[in-house]
Amino acid sequence: MTTSKRSVHRDTGDPAPEQREVPADTPTGLDLEKVIAVQVRKLRLASGLSVGDMATRVGISKAMLSKIENAQTSCSLSTLARLAAGLDVPVTSLFRGADTARDAVFVEAGRGAEIVGRGTRVGHHYELLGSLRGQNKRLEPVLVTLTDASEVFPLFQHPGTELLYMLEGEMVYGHGESEYRMRPGDSLLLDGEGLHGPNELVTLPIRFLAVTAYPDNHQG
């Protein structure tokens with residue numbers, strides 16, 4: 001088995017970490033004036049326009065544009081339309097970040113919902129670490145604890161992608177025709193359609209995090 005290092009962002013088109021970071025003072029979305037202020041200023045700077053140039057293009061005073069960019073006034077619908085036209089973007093771009101409240105699930109240590117699976121009967125414990133609603137439900141994080149050195153191991157197969165991250169103990173984990181010896185700190189990213197599961201429990205107890213990302217059309 002060979003391993004290689006490569007960028008996980010350049011080939012997939014996914015944003016690199018620095019592209020996902022936002023300034024600490026970015027509004028949460030509950031203050032509409034602040035959201036509009038941030039978007040107008042960001043789009044103006046990206047267009048290389050000064051406050052004066054932008055105000056002239058839009059047809060409002062420089063003072064008014066300054067107030068908008070500092071969240072000191074509320075924009076009328078007509079002003080928003082003129083700003084969007086001047087920046088050559090859809091009006092909806094000015095509201096980016098002004099979303100409704102986003103779900104989050106907090107689970108205290110040891111309080112996750114217990115999942116009864118095929119491995120439960122052979123000393124395997126599965127603890128669900130939270131579940132969101134709607135389209136975000138496709139992500140399933142489970143804390144797996146193995147305490148029984150049974151020679152009978154369940155195999156798993158499912159749509160989507162699964163990430164295993166080893167926390168404690170040592171095991172040999174199988175995926176298809178391959179085997180991986182996993183120790184604390186090791187991770188394994190696998191295609192869930194391939195048969196997978198522990199082949200050998202080397203050092204007990206074993207604990208690892210299993211995060212499954214199901215496809216968008218998955219019916220859980």
# chains A, B, ... in the order shown; residues from 1 in each chain; ligands from 1
call {"tool": "residues_around", "arguments": {"residues": "A:Asp191", "least_positions_apart": "3", "cutoff": "7 Å", "atoms": "only C-alpha atoms", "output": "ChimeraX atom specification"}}
result
/A:160-162,194
call {"tool": "write_last_selection", "arguments": {"atoms": "N, CA and C atoms", "output": "short mmCIF file (atom, residue, chain, number, x, y, z; two decimals), in the first residue's frame"}}
result
data_model
loop_
_atom_site.label_atom_id
_atom_site.label_comp_id
_atom_site.auth_asym_id
_atom_site.auth_seq_id
_atom_site.Cartn_x
_atom_site.Cartn_y
_atom_site.Cartn_z
N GLY A 160 -22.63 6.74 -0.82
CA GLY A 160 -21.95 7.88 -0.22
C GLY A 160 -20.51 7.61 0.14
N THR A 161 -19.94 8.54 0.89
CA THR A 161 -18.53 8.50 1.29
C THR A 161 -18.44 8.46 2.80
N GLU A 162 -17.45 7.74 3.32
CA GLU A 162 -17.30 7.63 4.77
C GLU A 162 -15.87 7.96 5.18
N GLY A 194 -18.19 0.09 -1.37
CA GLY A 194 -17.32 -1.06 -1.19
C GLY A 194 -17.54 -1.69 0.18
#
call {"tool": "residues_around", "arguments": {"residues": "stretch 163-168 of chain A", "least_positions_apart": "5", "cutoff": "8 Å", "atoms": "only C-alpha atoms", "output": "JSON, numbers by chain"}}
result
{"A": [182, 183, 184, 185, 186, 187, 188, 189, 190, 205, 206, 207, 208, 209, 210, 211, 212]}
call {"tool": "write_last_selection", "arguments": {"atoms": "C-alpha atoms", "output": "CSV table (one decimal), in the first residue's frame"}}
result
chain,number,residue,atom,x,y,z
A,182,MET,CA,-5.3,2.0,12.0
A,183,ARG,CA,-3.9,3.6,15.1
A,184,PRO,CA,-4.8,6.8,17.0
A,185,GLY,CA,-4.6,9.8,14.6
A,186,ASP,CA,-5.0,7.7,11.5
A,187,SER,CA,-7.8,8.4,9.1
A,188,LEU,CA,-9.4,6.5,6.2
A,189,LEU,CA,-11.7,8.0,3.5
A,190,LEU,CA,-13.6,5.4,1.6
A,205,PRO,CA,-10.9,-0.8,23.6
A,206,ILE,CA,-11.1,0.8,20.2
A,207,ARG,CA,-12.8,4.1,19.5
A,208,PHE,CA,-13.1,5.8,16.2
A,209,LEU,CA,-15.2,8.5,14.6
A,210,ALA,CA,-17.2,7.5,11.5
A,211,VAL,CA,-18.7,10.3,9.4
A,212,THR,CA,-20.8,9.3,6.5
call {"tool": "atom_distance", "arguments": {"atom1": "atom CA of A:Ala213", "atom2": "atom CA of A:Thr145"}}
result
20.1 Å
call {"tool": "atom_distance", "arguments": {"atom1": "atom CA of A:His158", "atom2": "atom CA of A:Glu108"}}
result
27.9 Å
call {"tool": "residues_around", "arguments": {"residues": "A:Pro159", "least_positions_apart": "5", "cutoff": "7 Å", "atoms": "only C-alpha atoms", "output": "list in words"}}
result
Gly192, Glu193, Tyr214 and Pro215 of chain A
call {"tool": "atom_distance", "arguments": {"atom1": "atom CA of A:Ser131", "atom2": "atom CA of A:Gln157"}}
result
20.3 Å
call {"tool": "residues_around", "arguments": {"residues": "A:Ala37", "least_positions_apart": "4", "cutoff": "8 Å", "atoms": "only C-alpha atoms", "output": "list in words"}}
result
Glu33, Arg41, Ile68, Glu69, Asn70 and Ala71 of chain A
call {"tool": "closest_residue", "arguments": {"among": "A:Met54, A:Leu139, A:Leu94, A:Leu83", "to": "A:Asp216", "atoms": "only C-alpha atoms"}}
result
A:Leu139
call {"tool": "residues_around", "arguments": {"residues": "A:Gly59", "least_positions_apart": "4", "cutoff": "12 Å", "atoms": "only C-alpha atoms", "output": "count of residues only"}}
result
16
call {"tool": "closest_residue", "arguments": {"among": "A:Glu179, A:Leu77, A:Lys34, A:Val58", "to": "A:Val91", "atoms": "only C-alpha atoms"}}
result
A:Leu77
